[in-house]
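Here is input06.csv, consisting of CSV, C-alpha atoms and all ligand atoms:
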chain,number,residue,atom,x,y,z
A,5,MET,CA,79.1,82.0,117.1
A,6,GLY,CA,79.0,79.0,119.4
A,7,ALA,CA,82.9,79.2,119.4
A,8,ASP,CA,82.6,82.6,121.1
A,9,LEU,CA,81.2,81.0,124.2
A,10,GLU,CA,83.5,79.9,126.8
A,11,ARG,CA,81.0,77.9,128.9
A,12,VAL,CA,77.3,77.2,128.8
A,13,LEU,CA,75.8,78.0,132.2
A,14,ILE,CA,72.1,77.2,131.4
A,15,THR,CA,70.8,75.1,128.6
A,16,GLU,CA,67.7,75.7,126.5
A,17,GLU,CA,65.9,72.8,128.2
A,18,GLU,CA,66.8,74.1,131.7
A,19,ILE,CA,65.5,77.6,130.7
A,20,HIS,CA,62.2,76.2,129.4
A,21,ALA,CA,61.6,73.9,132.4
A,22,LYS,CA,62.2,76.8,134.8
A,23,LEU,CA,59.9,79.2,132.9
A,24,ASP,CA,57.2,76.6,132.8
A,25,GLU,CA,57.5,76.3,136.6
A,26,LEU,CA,57.5,80.0,137.1
A,27,ALA,CA,54.5,80.5,134.8
A,28,GLY,CA,52.5,78.0,136.8
A,29,LYS,CA,53.3,79.8,140.1
A,30,ILE,CA,52.5,83.2,138.6
A,31,TRP,CA,49.2,82.0,137.2
A,32,ALA,CA,48.1,80.7,140.6
A,33,ASP,CA,49.3,83.8,142.4
A,34,TYR,CA,47.4,86.2,140.0
A,35,GLU,CA,44.2,84.2,139.7
A,36,GLY,CA,41.3,86.5,139.2
A,37,LYS,CA,43.5,89.6,139.0
A,38,ASP,CA,44.1,92.0,136.2
A,39,LEU,CA,47.7,91.0,135.4
A,40,LEU,CA,49.9,93.0,133.0
A,41,LEU,CA,53.3,91.7,132.1
A,42,VAL,CA,55.8,94.5,131.6
A,43,GLY,CA,58.9,93.6,129.7
A,44,VAL,CA,62.1,95.6,129.8
A,45,LEU,CA,63.6,95.9,126.4
A,46,LYS,CA,65.7,94.5,124.9
A,47,GLY,CA,67.1,91.8,127.1
A,48,ALA,CA,63.7,90.5,128.3
A,49,VAL,CA,62.3,89.7,124.8
A,50,MET,CA,63.1,85.9,125.0
A,51,VAL,CA,62.0,85.6,128.6
A,52,MET,CA,58.7,87.4,127.8
A,53,ALA,CA,58.0,85.3,124.7
A,54,ASP,CA,58.6,81.9,126.5
A,55,LEU,CA,57.1,82.9,129.9
A,56,MET,CA,53.9,84.2,128.5
A,57,ARG,CA,53.4,81.2,126.2
A,58,ALA,CA,54.0,78.9,129.3
A,59,LEU,CA,51.1,80.6,131.2
A,60,PRO,CA,48.0,78.3,131.4
A,61,GLY,CA,45.9,81.3,130.3
A,62,THR,CA,46.3,84.6,128.6
A,63,ALA,CA,47.7,88.0,129.9
A,64,PRO,CA,48.6,91.2,128.0
A,65,MET,CA,52.1,92.5,127.7
A,66,ASP,CA,53.6,96.0,127.5
A,67,TRP,CA,57.2,97.2,127.2
A,68,MET,CA,59.5,99.7,128.6
A,69,ALA,CA,63.0,100.6,127.4
A,70,ILE,CA,65.5,101.9,130.0
A,71,SER,CA,69.1,102.9,129.5
A,72,SER,CA,71.4,101.8,132.3
A,73,TYR,CA,74.2,100.0,130.5
A,74,GLY,CA,76.2,101.2,127.6
A,75,SER,CA,77.7,98.8,125.1
A,76,GLY,CA,80.2,97.6,127.7
A,77,THR,CA,79.8,95.3,130.7
A,78,LYS,CA,79.6,97.8,133.6
A,79,SER,CA,76.5,99.5,135.1
A,80,SER,CA,76.6,103.3,134.4
A,81,GLY,CA,74.1,103.9,137.3
A,82,VAL,CA,72.2,106.3,135.0
A,83,VAL,CA,68.6,105.3,134.4
A,84,ARG,CA,66.6,107.0,131.6
A,85,ILE,CA,63.3,106.0,130.0
A,86,LEU,CA,63.9,105.5,126.3
A,87,LYS,CA,60.4,104.1,125.7
A,88,ASP,CA,57.5,104.3,128.2
A,89,LEU,CA,54.5,102.0,128.6
A,90,ASP,CA,51.6,102.3,126.3
A,91,ALA,CA,49.2,101.3,129.0
A,92,ASP,CA,47.8,103.2,132.0
A,93,ILE,CA,48.6,100.9,134.9
A,94,THR,CA,46.4,102.5,137.5
A,95,ALA,CA,44.8,99.8,139.7
A,96,ARG,CA,46.4,97.0,137.6
A,97,HIS,CA,48.7,94.2,138.8
A,98,VAL,CA,52.0,94.7,137.1
A,99,LEU,CA,54.6,92.0,136.8
A,100,ILE,CA,58.0,93.2,135.5
A,101,VAL,CA,59.7,90.6,133.3
A,102,GLU,CA,63.4,90.9,133.3
A,103,ASP,CA,66.4,89.0,131.9
A,104,ILE,CA,68.8,89.7,134.8
A,105,VAL,CA,69.2,91.5,138.1
A,106,ASP,CA,72.8,92.5,138.7
A,107,SER,CA,73.3,95.5,141.0
A,108,GLY,CA,69.5,95.9,141.1
A,109,LEU,CA,69.8,99.6,140.4
A,110,THR,CA,67.7,99.3,137.2
A,111,LEU,CA,65.0,97.3,138.7
A,112,SER,CA,64.5,99.2,141.9
A,113,TRP,CA,64.3,102.3,139.8
A,114,ILE,CA,61.7,100.8,137.5
A,115,LYS,CA,59.7,99.3,140.3
A,116,SER,CA,59.4,102.6,142.2
A,117,ASN,CA,58.6,104.4,139.0
A,118,LEU,CA,55.7,102.0,138.3
A,119,GLU,CA,54.5,102.1,141.9
A,120,SER,CA,54.3,105.9,141.7
A,121,ARG,CA,51.7,105.4,138.9
A,122,ASN,CA,49.2,103.9,141.4
A,123,ALA,CA,49.4,100.3,140.2
A,124,ALA,CA,47.6,97.8,142.4
A,125,SER,CA,50.8,95.9,142.8
A,126,VAL,CA,54.3,95.8,141.2
A,127,GLU,CA,56.3,92.6,141.4
A,128,ILE,CA,59.4,91.3,139.6
A,129,CYS,CA,60.2,88.1,137.6
A,130,THR,CA,63.7,87.7,136.5
A,131,LEU,CA,65.3,84.7,134.7
A,132,LEU,CA,68.7,85.4,136.2
A,133,ARG,CA,70.1,86.9,139.4
A,134,LYS,CA,73.7,87.8,140.2
A,135,PRO,CA,75.1,87.8,143.8
A,136,GLU,CA,75.4,91.6,143.9
A,137,ALA,CA,71.6,91.8,143.9
A,138,ALA,CA,71.5,90.5,147.5
A,139,LYS,CA,73.1,93.9,148.6
A,140,VAL,CA,70.2,96.1,147.5
A,141,GLU,CA,66.7,96.5,148.7
A,142,VAL,CA,64.9,95.1,145.7
A,143,ASP,CA,62.4,92.4,146.4
A,144,VAL,CA,62.3,90.0,143.5
A,145,LYS,CA,59.3,87.6,143.8
A,146,TYR,CA,60.2,85.2,141.0
A,147,VAL,CA,63.8,84.1,140.2
A,148,GLY,CA,64.8,81.6,137.6
A,149,PHE,CA,68.5,81.0,138.4
A,150,ASP,CA,71.1,82.4,140.7
A,151,ILE,CA,74.3,82.7,138.7
A,152,PRO,CA,77.9,83.5,139.6
A,153,ASN,CA,79.2,87.1,139.2
A,154,GLU,CA,80.3,86.7,135.6
A,155,PHE,CA,79.2,88.5,132.5
A,156,VAL,CA,76.8,86.3,130.6
A,157,VAL,CA,75.2,86.5,127.1
A,158,GLY,CA,72.5,84.6,125.2
A,159,TYR,CA,68.7,84.2,125.5
A,160,GLY,CA,68.2,88.0,125.1
A,161,LEU,CA,71.4,89.1,126.9
A,162,ASP,CA,74.0,90.8,124.7
A,163,TYR,CA,77.5,91.9,124.4
A,164,ALA,CA,77.6,95.1,122.3
A,165,GLU,CA,74.2,94.0,120.9
A,166,LYS,CA,75.4,90.6,119.8
A,167,TYR,CA,74.6,87.1,121.0
A,168,ARG,CA,71.0,87.8,122.0
A,169,ASN,CA,69.9,85.0,119.7
A,170,LEU,CA,71.8,82.3,121.4
A,171,ARG,CA,69.4,79.7,122.9
A,172,VAL,CA,71.6,79.1,126.0
A,173,VAL,CA,73.0,81.4,128.6
A,174,GLY,CA,76.8,81.3,128.8
A,175,THR,CA,80.0,83.2,129.3
A,176,LEU,CA,82.1,84.6,126.5
A,177,ALA,CA,85.5,83.4,125.6
A,178,PRO,CA,88.3,86.0,126.5
A,179,HIS,CA,89.2,86.5,122.8
A,180,VAL,CA,85.8,88.1,122.2
A,181,TYR,CA,86.6,91.0,124.5
A,182,SER,CA,90.1,91.7,123.1
B,201,LIG,P1,71.5,96.3,137.3
B,201,LIG,O1,73.0,96.3,137.7
B,201,LIG,O2,71.0,97.6,137.3
B,201,LIG,O3,71.6,95.8,135.8
B,201,LIG,O4,70.8,95.3,138.1
B,201,LIG,C1,70.6,95.2,135.1
B,201,LIG,C2,70.8,95.3,133.6
B,201,LIG,O5,72.2,95.2,133.4
B,201,LIG,C3,72.5,94.4,132.3
B,201,LIG,N1,73.3,93.3,132.7
B,201,LIG,C4,73.8,92.3,131.9
B,201,LIG,N2,73.7,92.2,130.6
B,201,LIG,N3,75.1,90.3,130.7
B,201,LIG,C5,74.3,91.1,130.0
B,201,LIG,O6,74.2,91.0,128.8
B,201,LIG,C6,75.3,90.4,132.0
B,201,LIG,O7,76.0,89.5,132.6
B,201,LIG,C7,74.6,91.5,132.7
B,201,LIG,N4,74.6,91.9,133.9
B,201,LIG,C8,73.8,93.0,133.9
B,201,LIG,C9,71.1,93.9,131.8
B,201,LIG,O8,70.7,94.8,130.7
B,201,LIG,C10,70.2,94.1,132.9
B,201,LIG,O9,68.9,94.4,132.6
B,202,MG,MG,67.9,94.3,130.7
What is this structure when it is put down as structure tokens?
Amino acid sequence: MGADLERVLITEEEIHAKLDELAGKIWADYEGKDLLLVGVLKGAVMVMADLMRALPGTAPMDWMAISSYGSGTKSSGVVRILKDLDADITARHVLIVEDIVDSGLTLSWIKSNLESRNAASVEICTLLRKPEAAKVEVDVKYVGFDIPNEFVVGYGLDYAEKYRNLRVVGTLAPHVYS
């Protein structure tokens, strides 16, 4: 499986160091507030697991599943809720936990959807951000790494549901696509 990677962009150690740093900032920013971590399935599972364990204290999590990508590598622009939150977020401080912001279409849709439920606040934490994200009006409060505009897999990110279990983030070798 490692042979399917062309290049490692971010190592396991770099990911963990960054999530520790973000967790410290988040904990300080939300001190005394009713914080709810909202993960976006499935890509954010690894980020959620490591980010929440890096928090100096405890916070609950909830999950949403959205469809915006098919099994390929291009955004369809279509956003649909496949699984909604279990929790009522009225008056709560929601932090959306994501793997990657690319066009930002998915996140801006999720953010306004959650804001419309009268949350006290809705912010975003993403491990990765691509350059395209700069073009849209989506305010991302916590960003792990800015990466080049290449399709990446690993650490929750998939290609046709594969490679989510890789501990690093990297690009796929061309032979995988053909
Ligand atoms: P948008 O364009 O709406 O897309 O910001 C966000 C979602 O698109 C997926 N995505 C990727 N998935 N490698 C992946 O495995 C990538 O390089 C990539 N770029 C975008 C991802 O599901 C993300 O939540
Ligand atoms: Mg995702």
Would you list the contacts of region 122-138 of chain A as JSON, numbers by chain, taking every protein, DNA or RNA residue within 8 Å and counting all atoms listed in the file, but skipping same-chain residues closer than 2 positions in sequence? {"A": [23, 51, 93, 94, 95, 96, 97, 98, 99, 100, 101, 102, 103, 104, 105, 106, 107, 108, 115, 118, 119, 120, 140, 141, 142, 143, 144, 145, 146, 147, 148, 149, 150, 151, 152, 153]}
I'd like the neighbourhood of region 164-174 of chain A as number ranges by chain, where a residue qualifies if any of its atoms comes within 9 Å (using only C-alpha atoms), though same-chain residues fewer than 4 positions away should be ignored. A: 5-6, 9-19, 47, 50, 74-77, 155-160
Between A:Met52, A:Ala177, A:Ala91, A:Val44, which is the closest to ligand MG 202 (chain B) once you count all atoms listed in the file? A:Val44
Shortest interatomic distance to ligand MG 202 (chain B) - which of A:Leu109, A:Leu41, A:Asp24, A:Ala58, counting all atoms listed in the file: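 Comparing A:Leu109, A:Leu41, A:Asp24, A:Ala58 against ligand MG 202 (chain B), the winner is A:Leu109.
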Which residue, A:Leu111, A:Asn117, A:Ala63, A:Lys139, has the smallest gap to ligand LIG 201 (chain B) when you use all atoms listed in the file?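 The shortest atom-to-atom distance to ligand LIG 201 (chain B) comes from A:Leu111.
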For Ile30 (chain A), find every residue with an atom within 9 Å (counting all atoms listed in the file), except residues of its own chain fewer than 5 positions away, and show them as a PyMOL selection string. chain A and resi 25+35+59+146
Go ahead and write the residues just picked, C-alpha atoms, as a JSON list (two decimals), keeping the file's coordinate frame.
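This went into part_1.json:
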[["chain", "number", "residue", "atom", "x", "y", "z"],
["A", 25, "GLU", "CA", 57.50, 76.30, 136.60],
["A", 35, "GLU", "CA", 44.20, 84.20, 139.70],
["A", 59, "LEU", "CA", 51.10, 80.60, 131.20],
["A", 146, "TYR", "CA", 60.20, 85.20, 141.00]]
Find the residues with any atom within 7 Å of (63.0, 102.5, 130.3); use only C-alpha atoms and the coordinates as given in the file, and write the answer as an mmCIF file with C-alpha atoms, in the frame of the given file.
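After the write, result36.cif holds the following:
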data_model
loop_
_atom_site.group_PDB
_atom_site.id
_atom_site.type_symbol
_atom_site.label_atom_id
_atom_site.label_comp_id
_atom_site.auth_asym_id
_atom_site.auth_seq_id
_atom_site.Cartn_x
_atom_site.Cartn_y
_atom_site.Cartn_z
ATOM 1 C CA VAL A 44 62.100 95.600 129.800
ATOM 2 C CA MET A 68 59.500 99.700 128.600
ATOM 3 C CA ALA A 69 63.000 100.600 127.400
ATOM 4 C CA ILE A 70 65.500 101.900 130.000
ATOM 5 C CA SER A 71 69.100 102.900 129.500
ATOM 6 C CA ARG A 84 66.600 107.000 131.600
ATOM 7 C CA ILE A 85 63.300 106.000 130.000
ATOM 8 C CA LEU A 86 63.900 105.500 126.300
ATOM 9 C CA LYS A 87 60.400 104.100 125.700
ATOM 10 C CA ASP A 88 57.500 104.300 128.200
#
Compare A:Asp33, A:Asp54, A:Glu154, A:Asp90 by their minimum atom-to-atom distance to ligand LIG 201 (chain B), counting all atoms listed in the file, and give me the closest one.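 Among A:Asp33, A:Asp54, A:Glu154, A:Asp90, it is A:Glu154 that comes nearest to ligand LIG 201 (chain B).
The shortest atom-to-atom distance to ligand LIG 201 (chain B), with all atoms listed in the file taken into account, belongs to A:Tyr163 out of A:Val49, A:Lys29, A:Tyr163, A:Leu39.
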For a test of reading the model, state the distance in Å between CA of Asp8 (chain A) and atom O4 of ligand LIG 201 (chain B), rounded to one decimal. 24.3 Å
